[in-house]
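The data block below is model.txt; it holds compact mmCIF, C-alpha atoms and all ligand atoms.
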# COMPACT_ATOMS: atom_id res chain seq x y z
CA MET A 1 78.34 75.25 110.01
CA ASP A 2 78.85 78.55 108.20
CA ARG A 3 82.43 78.62 106.84
CA SER A 4 83.30 82.07 108.16
CA LEU A 5 81.99 81.18 111.62
CA LEU A 6 84.05 78.01 111.63
CA GLN A 7 87.16 79.95 110.60
CA CYS A 8 86.35 82.48 113.25
CA ILE A 9 86.09 79.93 116.03
CA THR A 10 89.11 78.04 114.79
CA ARG A 11 91.32 81.11 114.85
CA ARG A 12 90.04 81.97 118.31
CA ALA A 13 90.94 78.53 119.59
CA VAL A 14 94.38 78.56 118.06
CA LEU A 15 95.36 82.15 118.70
CA GLY A 16 93.58 83.13 121.86
CA GLY A 17 94.19 79.81 123.51
CA LEU A 18 91.85 80.57 126.36
CA VAL A 19 88.68 79.18 124.82
CA ILE A 20 88.78 75.69 123.32
CA LEU A 21 85.58 74.42 121.75
CA PRO A 22 85.33 70.68 120.94
CA VAL A 23 84.29 71.12 117.30
CA VAL A 24 87.16 73.45 116.78
CA ALA A 25 89.72 71.26 118.45
CA ALA A 26 89.02 68.55 115.88
CA ARG A 27 89.37 70.96 113.00
CA SER A 28 92.49 72.67 114.28
CA LEU A 29 94.13 69.34 115.11
CA ALA A 30 93.56 68.19 111.55
CA ASP A 31 95.04 71.43 110.29
CA THR A 32 97.98 71.08 112.60
CA ALA A 33 98.60 67.51 111.51
CA GLN A 34 98.50 68.54 107.87
CA ALA A 35 100.89 71.41 108.49
CA ALA A 36 103.23 69.15 110.45
CA ARG A 37 103.43 66.73 107.51
CA ALA A 38 104.11 69.59 105.11
CA ALA A 39 107.04 71.16 106.92
CA PRO A 40 109.70 70.12 109.40
CA ARG A 41 109.02 71.36 112.91
CA PRO A 42 111.11 74.50 113.52
CA PRO A 43 113.13 74.82 116.73
CA PRO A 44 111.35 76.69 119.54
CA VAL A 45 111.76 80.47 119.37
CA THR A 46 114.14 81.74 122.02
CA THR A 47 115.45 84.98 120.52
CA VAL A 48 113.57 87.84 118.97
CA ASP A 49 115.27 87.53 115.58
CA GLN A 50 113.78 84.03 115.18
CA VAL A 51 110.24 85.37 115.07
CA LEU A 52 108.83 85.25 111.56
CA ASN A 53 105.61 87.20 111.82
CA VAL A 54 103.52 89.27 114.19
CA MET A 55 101.10 86.48 115.09
CA GLU A 56 103.94 84.37 116.51
CA PHE A 57 104.38 86.97 119.23
CA GLU A 58 100.96 86.11 120.65
CA ALA A 59 102.00 82.60 121.71
CA LEU A 60 105.29 83.94 123.07
CA ALA A 61 103.39 86.51 125.13
CA ARG A 62 101.07 83.82 126.47
CA ASP A 63 104.09 81.80 127.60
CA ALA A 64 105.71 84.85 129.19
CA LEU A 65 102.73 86.16 131.14
CA PRO A 66 100.60 85.05 134.07
CA PRO A 67 97.14 83.93 132.88
CA ALA A 68 95.27 87.05 134.00
CA HIS A 69 97.69 89.44 132.31
CA PHE A 70 97.60 87.51 129.05
CA GLY A 71 93.82 87.32 129.39
CA TYR A 72 93.73 91.10 129.71
CA ILE A 73 95.45 91.47 126.35
CA ALA A 74 93.48 88.74 124.61
CA THR A 75 89.99 89.46 125.83
CA GLY A 76 87.18 90.68 123.66
CA ALA A 77 83.55 91.04 124.70
CA ASP A 78 81.06 88.18 125.02
CA ASP A 79 82.35 85.44 122.69
CA ASP A 80 85.30 87.45 121.27
CA PHE A 81 83.97 87.11 117.74
CA THR A 82 84.53 90.81 117.00
CA VAL A 83 88.18 90.44 117.96
CA VAL A 84 88.56 87.61 115.50
CA ARG A 85 86.55 89.27 112.75
CA ASN A 86 88.64 92.44 112.98
CA HIS A 87 91.51 90.47 111.54
CA ASP A 88 89.66 87.94 109.42
CA ALA A 89 87.72 90.69 107.62
CA PHE A 90 90.90 91.85 105.91
CA SER A 91 90.43 88.71 103.81
CA HIS A 92 87.20 90.30 102.51
CA TYR A 93 89.49 92.40 100.33
CA GLU A 94 91.95 91.26 97.72
CA ILE A 95 94.81 93.31 96.35
CA ARG A 96 94.88 94.22 92.66
CA ALA A 97 98.60 94.22 91.96
CA ARG A 98 99.67 96.44 89.06
CA ARG A 99 102.74 95.81 86.89
CA PHE A 100 104.80 98.12 84.64
CA VAL A 101 105.58 100.51 87.48
CA ASP A 102 109.08 101.52 88.57
CA VAL A 103 109.27 100.27 92.16
CA SER A 104 113.02 100.42 92.54
CA ARG A 105 112.62 103.17 95.17
CA LEU A 106 109.98 102.73 97.85
CA ASP A 107 108.80 105.42 100.26
CA ALA A 108 106.29 104.55 103.00
CA SER A 109 106.46 107.92 104.75
CA ARG A 110 103.27 109.66 105.78
CA SER A 111 102.54 113.15 107.10
CA VAL A 112 99.89 113.60 109.76
CA PHE A 113 99.18 117.11 111.06
CA GLY A 114 102.39 118.41 109.50
CA VAL A 115 104.68 115.77 111.04
CA THR A 116 106.24 113.24 108.68
CA TRP A 117 106.62 109.67 109.91
CA PRO A 118 108.65 107.00 108.08
CA THR A 119 105.64 104.69 108.16
CA PRO A 120 101.83 104.98 108.27
CA ILE A 121 101.76 102.49 111.17
CA TYR A 122 101.42 103.84 114.71
CA LEU A 123 101.25 102.42 118.23
CA SER A 124 97.71 102.79 119.55
CA ALA A 125 96.86 103.26 123.22
CA VAL A 126 97.43 100.15 125.31
CA SER A 127 96.88 100.51 129.03
CA SER A 128 98.72 99.01 132.02
CA GLN A 129 101.85 97.98 130.12
CA ARG A 130 103.83 97.19 133.25
CA ALA A 131 101.55 94.18 133.53
CA PHE A 132 103.32 92.88 130.42
CA HIS A 133 106.95 93.82 131.12
CA PRO A 134 108.77 95.68 133.93
CA ASP A 135 109.73 98.45 131.48
CA GLY A 136 106.06 98.98 130.60
CA GLU A 137 105.31 102.06 128.52
CA LEU A 138 108.94 103.16 128.75
CA GLY A 139 110.01 100.09 126.78
CA THR A 140 107.37 100.83 124.16
CA ALA A 141 108.35 104.51 124.03
CA ARG A 142 112.02 103.61 123.53
CA ALA A 143 111.03 101.29 120.69
CA ALA A 144 108.94 104.09 119.19
CA ARG A 145 111.97 106.34 119.50
CA THR A 146 114.39 104.01 117.69
CA ARG A 147 111.82 103.46 114.94
CA SER A 148 110.53 107.08 114.80
CA MET A 149 106.98 105.89 115.40
CA LEU A 150 103.94 107.81 116.48
CA MET A 151 102.88 106.62 119.94
CA MET A 152 99.52 107.12 121.61
CA LEU A 153 99.59 106.88 125.41
CA SER A 154 96.63 105.55 127.38
CA THR A 155 95.12 107.62 130.19
CA VAL A 156 95.29 104.47 132.30
CA ALA A 157 98.88 103.67 131.41
CA SER A 158 101.11 102.46 134.22
CA THR A 159 103.55 105.29 133.47
CA PRO A 160 102.47 108.93 133.13
CA VAL A 161 103.00 111.20 130.16
CA GLU A 162 106.16 113.06 131.27
CA PRO A 163 108.59 110.12 131.54
CA VAL A 164 107.03 108.46 128.50
CA THR A 165 107.56 111.63 126.46
CA GLU A 166 111.14 111.76 127.66
CA ALA A 167 111.72 108.10 126.73
CA ARG A 168 110.07 108.67 123.34
CA GLY A 169 112.22 111.78 122.81
CA ALA A 170 109.29 113.54 121.14
CA PRO A 171 105.67 114.38 121.90
CA VAL A 172 103.20 111.51 122.20
CA TRP A 173 99.49 111.64 121.54
CA GLN A 174 97.50 111.45 124.78
CA GLN A 175 94.48 109.17 124.72
CA LEU A 176 91.71 110.54 126.93
CA TYR A 177 89.33 108.77 129.26
CA PRO A 178 87.64 111.91 130.52
CA THR A 179 85.82 110.43 133.55
CA ASP A 180 82.44 111.85 134.53
CA ASP A 181 83.96 114.80 136.37
CA TRP A 182 84.92 117.74 134.14
CA THR A 183 87.57 119.00 136.54
CA VAL A 184 89.38 115.66 136.11
CA THR A 185 89.04 115.96 132.32
CA GLU A 186 90.61 119.40 132.51
CA GLY A 187 93.41 118.12 134.72
CA ILE A 188 94.40 115.33 132.32
CA VAL A 189 94.20 117.48 129.20
CA ARG A 190 96.23 120.31 130.75
CA ARG A 191 98.84 117.92 132.09
CA ALA A 192 99.25 116.21 128.70
CA GLN A 193 99.45 119.53 126.86
CA SER A 194 102.06 120.80 129.35
CA ALA A 195 104.08 117.65 128.67
CA GLY A 196 104.03 118.54 124.99
CA SER A 197 101.38 116.13 123.69
CA SER A 198 100.52 117.20 120.17
CA ALA A 199 97.09 115.56 120.15
CA ILE A 200 94.36 114.54 122.55
CA VAL A 201 92.49 111.41 121.49
CA LEU A 202 89.06 111.05 123.06
CA THR A 203 87.96 107.43 123.23
CA VAL A 204 84.23 107.32 122.56
CA ASP A 205 83.55 103.59 122.50
CA SER A 206 84.11 102.72 126.14
CA MET A 207 81.15 102.09 128.40
CA PRO A 208 81.20 101.04 132.04
CA ASN A 209 80.84 97.32 132.83
CA ARG A 210 81.87 95.69 129.59
CA ASN A 211 81.51 91.88 129.41
CA ASN A 212 85.09 90.60 129.09
CA GLU A 213 84.46 86.90 129.65
CA THR A 214 87.87 85.76 128.43
CA LEU A 215 89.50 88.01 131.00
CA THR A 216 87.16 86.82 133.74
CA ARG A 217 87.97 83.20 132.90
CA ALA A 218 91.70 83.94 132.87
CA MET A 219 91.49 85.68 136.25
CA LYS A 220 89.87 82.58 137.72
CA ALA A 221 92.83 80.56 136.46
CA ASP A 222 95.25 82.98 138.10
CA THR A 223 95.57 82.32 141.82
CA ARG A 224 98.18 84.99 142.63
CA THR A 225 97.46 87.81 145.06
CA CYS A 226 98.19 90.97 143.16
CA SER A 227 98.42 93.62 145.86
CA ALA A 228 101.71 94.97 144.47
CA CYS A 229 99.94 96.45 141.47
CA HIS A 230 96.25 96.19 142.30
CA ILE A 231 94.59 98.14 145.07
CA ASN A 232 92.87 95.53 147.26
CA ASN A 233 93.26 93.14 144.32
CA SER A 234 90.84 95.34 142.35
CA HIS A 235 91.04 97.08 138.97
CA ASP A 236 90.15 100.52 140.22
CA ARG A 237 91.96 102.60 137.61
CA LEU A 238 90.71 105.91 138.91
CA HIS A 239 92.85 105.46 141.99
CA LYS A 240 95.68 103.52 140.38
CA ALA A 241 96.60 105.12 137.05
CA PRO A 242 99.35 107.74 137.54
CA MET A 243 97.67 110.19 135.14
CA PHE A 244 95.01 110.68 137.83
CA ALA A 245 97.58 111.30 140.55
CA GLY A 246 97.25 114.74 142.12
CA LEU A 247 93.70 115.17 140.81
CA ASP A 248 90.66 115.09 143.04
CA VAL A 249 88.86 111.99 141.72
CA SER A 250 86.42 111.80 144.62
CA ARG A 251 83.46 112.83 142.42
CA ALA A 252 84.41 110.66 139.43
CA THR A 253 82.64 107.31 139.23
CA THR A 254 83.87 106.01 135.88
CA ILE A 255 86.70 106.63 133.43
CA SER A 256 84.22 106.72 130.53
CA PRO A 257 81.01 108.65 131.04
CA PRO A 258 77.91 107.15 129.41
CA ASN A 259 76.58 110.58 128.39
CA MET A 260 79.13 111.89 125.90
CA THR A 261 76.88 113.84 123.53
CA PRO A 262 77.87 116.50 120.97
CA VAL A 263 77.63 119.02 123.82
CA PHE A 264 80.56 117.24 125.47
CA LEU A 265 82.51 117.35 122.21
CA ASP A 266 81.95 121.12 121.99
CA GLN A 267 83.06 121.60 125.59
CA LEU A 268 86.18 119.50 125.01
CA ARG A 269 86.96 121.33 121.78
CA THR A 270 87.15 124.62 123.68
CA LEU A 271 89.48 123.03 126.25
CA VAL A 272 91.89 121.27 123.88
CA SER A 273 94.37 123.63 122.26
CA VAL A 274 96.24 120.94 120.31
CA LYS A 275 94.75 118.51 117.78
CA LEU A 276 91.64 116.67 118.93
CA LEU A 277 90.71 113.24 117.58
CA VAL A 278 87.90 110.85 118.41
CA LYS A 279 88.69 107.14 118.65
CA GLY A 280 86.02 104.50 118.36
CA VAL A 281 83.92 105.74 115.45
CA VAL A 282 82.39 103.01 113.27
CA THR A 283 79.69 104.80 111.25
CA GLY A 284 79.60 107.55 108.67
CA GLU A 285 76.95 109.40 110.67
CA ASP A 286 79.14 109.70 113.77
CA ALA A 287 82.18 110.63 111.71
CA ALA A 288 80.27 113.47 110.02
CA LEU A 289 78.90 114.61 113.38
CA ALA A 290 82.35 114.65 114.97
CA VAL A 291 83.83 116.65 112.09
CA ALA A 292 80.93 119.09 112.30
CA HIS A 293 81.82 119.59 115.96
CA GLY A 294 85.37 120.51 115.16
CA VAL A 295 87.51 117.40 115.62
CA ASP A 296 90.78 117.27 113.70
CA GLY A 297 90.76 113.54 113.06
CA VAL A 298 88.60 110.42 113.29
CA ILE A 299 89.84 106.98 114.30
CA VAL A 300 87.85 104.00 113.04
CA SER A 301 88.14 101.60 115.95
CA ASN A 302 86.07 99.21 118.03
CA HIS A 303 88.71 99.03 120.76
CA GLY A 304 90.04 95.81 119.30
CA GLY A 305 86.64 94.19 119.94
CA ARG A 306 87.08 94.63 123.69
CA ASN A 307 84.06 96.76 124.44
CA GLU A 308 81.06 95.48 122.51
CA GLU A 309 80.29 92.44 120.39
CA THR A 310 78.96 94.07 117.22
CA LEU A 311 80.57 91.49 114.92
CA ARG A 312 81.46 94.39 112.63
CA ALA A 313 85.14 94.57 111.71
CA THR A 314 86.75 98.00 111.53
CA ILE A 315 88.05 97.45 108.00
CA ASP A 316 84.41 96.95 106.92
CA CYS A 317 83.45 100.21 108.68
CA LEU A 318 86.22 102.23 107.07
CA PRO A 319 84.67 102.90 103.64
CA GLU A 320 81.55 104.58 105.05
CA VAL A 321 83.57 106.66 107.49
CA ALA A 322 86.04 107.74 104.81
CA ALA A 323 83.13 108.66 102.52
CA ALA A 324 81.41 110.72 105.23
CA VAL A 325 84.60 112.56 106.15
CA GLY A 326 85.36 113.23 102.49
CA GLY A 327 89.01 114.11 103.07
CA ARG A 328 88.24 117.03 105.44
CA VAL A 329 90.32 115.48 108.26
CA PRO A 330 92.57 112.43 108.51
CA VAL A 331 90.85 109.08 109.08
CA LEU A 332 92.90 106.53 111.02
CA LEU A 333 92.07 102.87 111.62
CA ASP A 334 93.00 100.17 114.10
CA GLY A 335 91.75 96.65 114.80
CA GLY A 336 93.11 93.29 113.71
CA VAL A 337 96.11 94.65 111.81
CA ARG A 338 98.64 91.80 111.77
CA ARG A 339 100.21 91.91 108.29
CA GLY A 340 101.67 94.51 105.97
CA THR A 341 98.92 93.58 103.52
CA ASP A 342 96.34 94.58 106.18
CA VAL A 343 97.97 98.01 106.38
CA PHE A 344 97.97 98.26 102.59
CA LYS A 345 94.26 97.43 102.37
CA ALA A 346 93.35 99.98 105.04
CA LEU A 347 95.31 102.67 103.20
CA ALA A 348 93.61 101.70 99.94
CA LEU A 349 90.19 102.00 101.57
CA GLY A 350 90.88 105.49 102.85
CA ALA A 351 92.98 105.35 106.03
CA THR A 352 95.69 107.95 106.53
CA ALA A 353 97.46 105.88 109.19
CA VAL A 354 96.95 102.47 110.75
CA GLY A 355 97.28 101.56 114.45
CA ILE A 356 98.26 98.40 116.26
CA GLY A 357 97.20 97.45 119.78
CA ARG A 358 97.77 93.83 120.83
CA PRO A 359 100.87 93.25 118.67
CA GLN A 360 102.86 95.85 120.61
CA ALA A 361 101.73 94.27 123.90
CA TRP A 362 102.75 90.80 122.66
CA GLY A 363 106.15 92.06 121.56
CA LEU A 364 106.68 93.87 124.85
CA ALA A 365 105.64 90.84 126.90
CA ALA A 366 107.86 88.46 124.96
CA PHE A 367 111.06 90.50 124.67
CA GLY A 368 110.59 94.02 126.07
CA GLN A 369 111.70 96.94 123.88
CA PRO A 370 113.34 94.67 121.23
CA GLY A 371 110.06 92.79 120.92
CA VAL A 372 108.13 95.98 120.14
CA GLU A 373 110.85 96.98 117.67
CA ALA A 374 110.59 93.58 115.98
CA VAL A 375 106.81 93.89 115.65
CA ILE A 376 107.26 97.30 114.02
CA ASP A 377 110.06 96.06 111.75
CA ILE A 378 108.10 93.03 110.57
CA LEU A 379 105.02 95.08 109.71
CA ASN A 380 107.07 97.75 107.95
CA ARG A 381 108.99 95.13 105.98
CA GLU A 382 105.77 93.44 104.93
CA LEU A 383 104.23 96.76 103.95
CA LEU A 384 107.19 97.62 101.73
CA GLN A 385 107.01 94.14 100.25
CA ILE A 386 103.38 94.48 99.18
CA MET A 387 103.96 98.05 97.97
CA ARG A 388 106.63 96.71 95.65
CA GLN A 389 104.48 93.80 94.51
CA ALA A 390 101.41 95.96 93.93
CA GLY A 391 103.24 98.61 91.94
CA THR A 392 102.78 101.39 94.48
CA PRO A 393 106.16 103.01 95.26
CA THR A 394 104.60 105.64 97.56
CA LEU A 395 101.59 105.64 99.87
CA ALA A 396 99.94 108.25 97.65
CA ARG A 397 99.92 105.68 94.85
CA ILE A 398 97.82 103.25 96.93
CA THR A 399 94.22 103.89 95.89
CA ARG A 400 90.77 102.32 96.03
CA GLU A 401 91.62 100.72 92.67
CA HIS A 402 94.19 98.52 94.40
CA VAL A 403 91.60 96.49 96.32
CA VAL A 404 88.56 94.53 95.27
CA ALA A 405 85.92 92.72 97.32
CA SER A 406 86.75 89.06 97.67
CA THR A 407 84.43 86.53 96.09
CA TRP A 408 85.57 83.83 98.53
CA ARG A 409 83.17 84.67 101.34
C1 LIG A 501 93.62 98.63 124.38
N1 LIG A 501 92.98 99.68 123.73
C2 LIG A 501 92.83 100.89 124.38
N2 LIG A 501 92.21 101.92 123.75
C3 LIG A 501 92.07 103.11 124.37
O1 LIG A 501 91.51 104.03 123.78
N3 LIG A 501 92.53 103.29 125.65
C4 LIG A 501 93.15 102.30 126.34
O2 LIG A 501 93.55 102.50 127.47
C5 LIG A 501 93.29 101.04 125.70
N4 LIG A 501 93.86 99.99 126.36
C6 LIG A 501 94.04 98.78 125.73
C7 LIG A 501 94.64 97.73 126.39
C8 LIG A 501 94.87 96.53 125.75
C9 LIG A 501 95.53 95.42 126.49
C10 LIG A 501 94.47 96.39 124.40
C11 LIG A 501 94.72 95.10 123.66
C12 LIG A 501 93.85 97.42 123.74
C13 LIG A 501 92.51 99.53 122.34
C14 LIG A 501 93.64 99.84 121.35
O3 LIG A 501 94.01 101.19 121.42
C15 LIG A 501 93.23 99.54 119.92
O4 LIG A 501 92.04 100.23 119.63
C16 LIG A 501 93.02 98.04 119.67
O5 LIG A 501 93.86 97.27 120.47
C17 LIG A 501 93.29 97.73 118.21
O6 LIG A 501 93.04 96.38 117.95
P1 LIG A 501 94.17 95.26 117.93
O7 LIG A 501 95.36 95.80 117.18
O8 LIG A 501 94.48 94.94 119.34
O9 LIG A 501 93.50 94.14 117.22
Written form, structure tokens:
Amino acid sequence: MDRSLLQCITRRAVLGGLVILPVVAARSLADTAQAARAAPRPPPVTTVDQVLNVMEFEALARDALPPAHFGYIATGADDDFTVVRNHDAFSHYEIRARRFVDVSRLDASRSVFGVTWPTPIYLSAVSSQRAFHPDGELGTARAARTRSMLMMLSTVASTPVEPVTEARGAPVWQQLYPTDDWTVTEGIVRRAQSAGSSAIVLTVDSMPNRNNETLTRAMKADTRTCSACHINNSHDRLHKAPMFAGLDVSRATTISPPNMTPVFLDQLRTLVSVKLLVKGVVTGEDAALAVAHGVDGVIVSNHGGRNEETLRATIDCLPEVAAAVGGRVPVLLDGGVRRGTDVFKALALGATAVGIGRPQAWGLAAFGQPGVEAVIDILNRELLQIMRQAGTPTLARITREHVVASTWR
């Protein structure tokens, strides 16, 4: 079997935990046995300060959540290979560490649209966070506040923009699912702008009826009746998400219309008075088109592999998008970011800032606000570590010269 495919399946079996393939079980058991011989078994993690790295939060989240809610976080599309590749593809790039640089003072701060953040890492939109912890988006917002992080709020969050902004103590970016009714689009954008949102982020990679088999399987394993949070046990977000409350959604049939052409972008551009970004771009052509239609930023994303099974990792899409944009607007990236070295590589390949999705949900599920804070702290610590090692005391010093294509594929 192809080595990368084997790795891919193995990681899926170990990390996702919802799909176990026989061939993989043998391989991962052997790995586990080898690892067990090499190191004494650590005590089980019970407090947040015992967690060593971001990936460990995934297993803790799985233990903390009912199957369907964990399945909602974990799921990709079809066989989940794009989810796995998003992370594994970071190993396509190696870091060229430079010596003879004074790295006694490190500065990871980054300015985006005139606001300076202490880190280039941001919290990407993750919907329905009360399914992961009773504090939901408020817990995440409080973590973002203590760590001065940029937070993007989902349209289909379980808490609306006003209390989240208050908990964050600063404006959040509002992710936009526009629906197929323009009056609803207007309602969401105006509400977010009134709440102080400094950017609207249009998600362009969502299509109705995506094939989330891992979620479907997990829901079958979950026998609870969920009428407290689900209307008639359904996932009808148009009638559930509080950002739609007060709007007439009777003509809307989907949160993501399948006919978002450049005409829609132009229409939205005239409506949005703050910064407008598009999230879900994976080609240079679309990035150039979006910039030509007036967007202020492009986010390289495939929705964490949740929407379509392209098998194309976002880090592999980044170079062509960055080239097409040519520095005219910021290019952000999310997908599979689990280590500070992943952040470093994305910055080296042209990203202005780097988003995380699942890790914040894992941290929230496992420990609430302190869990999200720990995820942020671990990634920031690892980023500073590799900046020091690679001889890059500031983010501006991280360039294309600091990465090289791996020959290990
Ligand atoms: C998401 N993501 C997402 N994106 C978006 O534009 N609107 C949304 O409402 C959501 N909701 C959501 C829920 C959950 C549970 C996950 C895991 C993800 C996608 C998210 O913003 C981001 O693009 C990916 O999660 C990044 O990949 P990683 O970090 O999860 O690998």
Using all atoms listed in the file, which of the listed residues (A:Val51, A:Val331, A:Leu271, A:Val84) sits closest to ligand LIG 501 (chain A)?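 When distances to ligand LIG 501 (chain A) are compared using all atoms listed in the file, the smallest one comes from A:Val84.
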Closest-contact table, chain A side, partner ligand LIG 501 (chain A), 7 Å, counting only C-alpha atoms and all ligand atoms, as CSV:
residue,atom,partner,partner_atom,distance
A:Tyr72,CA,A:LIG501,C9,5.7
A:Ile73,CA,A:LIG501,C9,4.0
A:Ala74,CA,A:LIG501,C11,6.5
A:Val83,CA,A:LIG501,O9,6.5
A:Asn86,CA,A:LIG501,O9,6.7
A:Ser124,CA,A:LIG501,O3,4.4
A:Ala125,CA,A:LIG501,O3,4.0
A:Val126,CA,A:LIG501,C6,3.7
A:Ser127,CA,A:LIG501,N4,4.1
A:Ser154,CA,A:LIG501,O2,4.3
A:Thr155,CA,A:LIG501,O2,6.0
A:Val156,CA,A:LIG501,O2,5.5
A:Ala157,CA,A:LIG501,O2,6.7
A:Gln175,CA,A:LIG501,O1,6.0
A:Thr203,CA,A:LIG501,O1,4.9
A:Lys279,CA,A:LIG501,O1,6.6
A:Ser301,CA,A:LIG501,O4,5.5
A:Asn302,CA,A:LIG501,O4,6.3
A:His303,CA,A:LIG501,O4,3.7
A:Gly304,CA,A:LIG501,O6,3.3
A:Asp334,CA,A:LIG501,C17,4.8
A:Gly335,CA,A:LIG501,O6,3.4
A:Gly336,CA,A:LIG501,O9,3.6
A:Val337,CA,A:LIG501,O7,5.5
A:Gly355,CA,A:LIG501,O7,6.7
A:Ile356,CA,A:LIG501,O7,4.0
A:Gly357,CA,A:LIG501,O5,3.4
A:Arg358,CA,A:LIG501,O8,3.8
A:Pro359,CA,A:LIG501,O7,6.3
A:Ala361,CA,A:LIG501,C9,6.8
Interatomic distance (Å, one decimal) between atom CA of A:Met387 and atom CA of A:Val115: 22.0 Å
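We find atom CA of A:Leu318 and atom CA of A:Gly297 to be spaced 13.6 Å apart.
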Atom CA of A:Val329 to atom CA of A:Gly350, distance in Å rounded to a single decimal: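 Atom CA of A:Val329 sits 11.4 Å away from atom CA of A:Gly350.
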Expected answer as a list in words: all residues with atoms within 10 Å of (81.2, 107.1, 122.2), only C-alpha atoms: Leu202, Thr203, Val204, Asp205, Ser206, Met207, Ser256, Pro257, Pro258, Asn259, Met260, Thr261, Val278, Lys279, Gly280, Val281, Val282 and Asp286 of chain A
I need the residue nearest A:Phe57 from this list: A:Phe113, A:Gly139, A:Val45, A:Ala252. Use all atoms listed in the file for the distance.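 The answer is A:Val45, which sits nearest to A:Phe57.
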Taking 6 positions as the minimum chain separation for residues in the same chain, which residues sit within 12 Å of A:Cys229 when counting all atoms listed in the file? Answer as a ChimeraX atom specification. /A:69,128-131,134,158,235-237,239-242
Please provide as a list in words all residues within 10 Å of A:Ala61, with the sequence filter that same-chain residues fewer than 5 positions apart are discarded (counting only C-alpha atoms). Glu56, Pro66, His69, Phe70, Ile73, Phe132, Pro359, Ala361, Trp362, Gly363, Leu364, Ala365, Ala366 and Phe367 of chain A
Would you output that residue set with C-alpha atoms, as a JSON list (two decimals), in the frame of the given file?
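As a result, result-v5.json now contains:
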[["chain", "number", "residue", "atom", "x", "y", "z"],
["A", 56, "GLU", "CA", 103.94, 84.37, 116.51],
["A", 66, "PRO", "CA", 100.60, 85.05, 134.07],
["A", 69, "HIS", "CA", 97.69, 89.44, 132.31],
["A", 70, "PHE", "CA", 97.60, 87.51, 129.05],
["A", 73, "ILE", "CA", 95.45, 91.47, 126.35],
["A", 132, "PHE", "CA", 103.32, 92.88, 130.42],
["A", 359, "PRO", "CA", 100.87, 93.25, 118.67],
["A", 361, "ALA", "CA", 101.73, 94.27, 123.90],
["A", 362, "TRP", "CA", 102.75, 90.80, 122.66],
["A", 363, "GLY", "CA", 106.15, 92.06, 121.56],
["A", 364, "LEU", "CA", 106.68, 93.87, 124.85],
["A", 365, "ALA", "CA", 105.64, 90.84, 126.90],
["A", 366, "ALA", "CA", 107.86, 88.46, 124.96],
["A", 367, "PHE", "CA", 111.06, 90.50, 124.67]]
Which polymer residues have any atom within 12 Å of an atom of A:Gly196, counting all atoms listed in the file, with same-chain residues fewer than 3 positions away left out, as a list of chain:residue names? A:Val161, A:Glu162, A:Pro163, A:Val164, A:Thr165, A:Glu166, A:Arg168, A:Gly169, A:Ala170, A:Pro171, A:Val172, A:Trp173, A:Gln174, A:Val189, A:Arg190, A:Arg191, A:Ala192, A:Gln193, A:Ala199, A:Ile200, A:Ser273, A:Val274, A:Lys275
Might you pull out every residue within 10 Å of stretch 88-98 of chain A, with all atoms listed in the file counted and same-chain residues fewer than 3 positions away left off, and present them as a short mmCIF file (atom, residue, chain, number, x, y, z; two decimals) with C-alpha atoms, in the frame of the given file?
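File selection_3.cif, as written:
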data_model
loop_
_atom_site.label_atom_id
_atom_site.label_comp_id
_atom_site.auth_asym_id
_atom_site.auth_seq_id
_atom_site.Cartn_x
_atom_site.Cartn_y
_atom_site.Cartn_z
CA SER A 4 83.30 82.07 108.16
CA GLN A 7 87.16 79.95 110.60
CA CYS A 8 86.35 82.48 113.25
CA ARG A 11 91.32 81.11 114.85
CA THR A 82 84.53 90.81 117.00
CA VAL A 83 88.18 90.44 117.96
CA VAL A 84 88.56 87.61 115.50
CA ARG A 85 86.55 89.27 112.75
CA VAL A 101 105.58 100.51 87.48
CA ARG A 312 81.46 94.39 112.63
CA ALA A 313 85.14 94.57 111.71
CA THR A 314 86.75 98.00 111.53
CA ILE A 315 88.05 97.45 108.00
CA ASP A 316 84.41 96.95 106.92
CA GLY A 336 93.11 93.29 113.71
CA VAL A 337 96.11 94.65 111.81
CA ARG A 338 98.64 91.80 111.77
CA ARG A 339 100.21 91.91 108.29
CA THR A 341 98.92 93.58 103.52
CA ASP A 342 96.34 94.58 106.18
CA VAL A 343 97.97 98.01 106.38
CA PHE A 344 97.97 98.26 102.59
CA LYS A 345 94.26 97.43 102.37
CA ALA A 346 93.35 99.98 105.04
CA ALA A 348 93.61 101.70 99.94
CA LEU A 349 90.19 102.00 101.57
CA ILE A 386 103.38 94.48 99.18
CA MET A 387 103.96 98.05 97.97
CA ARG A 388 106.63 96.71 95.65
CA GLN A 389 104.48 93.80 94.51
CA ALA A 390 101.41 95.96 93.93
CA GLY A 391 103.24 98.61 91.94
CA THR A 392 102.78 101.39 94.48
CA ARG A 400 90.77 102.32 96.03
CA GLU A 401 91.62 100.72 92.67
CA HIS A 402 94.19 98.52 94.40
CA VAL A 403 91.60 96.49 96.32
CA VAL A 404 88.56 94.53 95.27
CA ALA A 405 85.92 92.72 97.32
CA SER A 406 86.75 89.06 97.67
CA THR A 407 84.43 86.53 96.09
CA TRP A 408 85.57 83.83 98.53
CA ARG A 409 83.17 84.67 101.34
#
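Minimum distance to A:Thr352 across A:Tyr177, A:Trp182, A:Trp117, A:Phe244 (counting all atoms listed in the file) occurs at A:Trp117.
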Polymer residues at most 10 Å from A:Pro370, only C-alpha atoms, same-chain spacing of 5 or more positions, as a list in words: Thr47, Val48, Asp49, Gly139, Thr140, Arg142, Ala143, Gly363, Leu364, Val375 and Ile376 of chain A
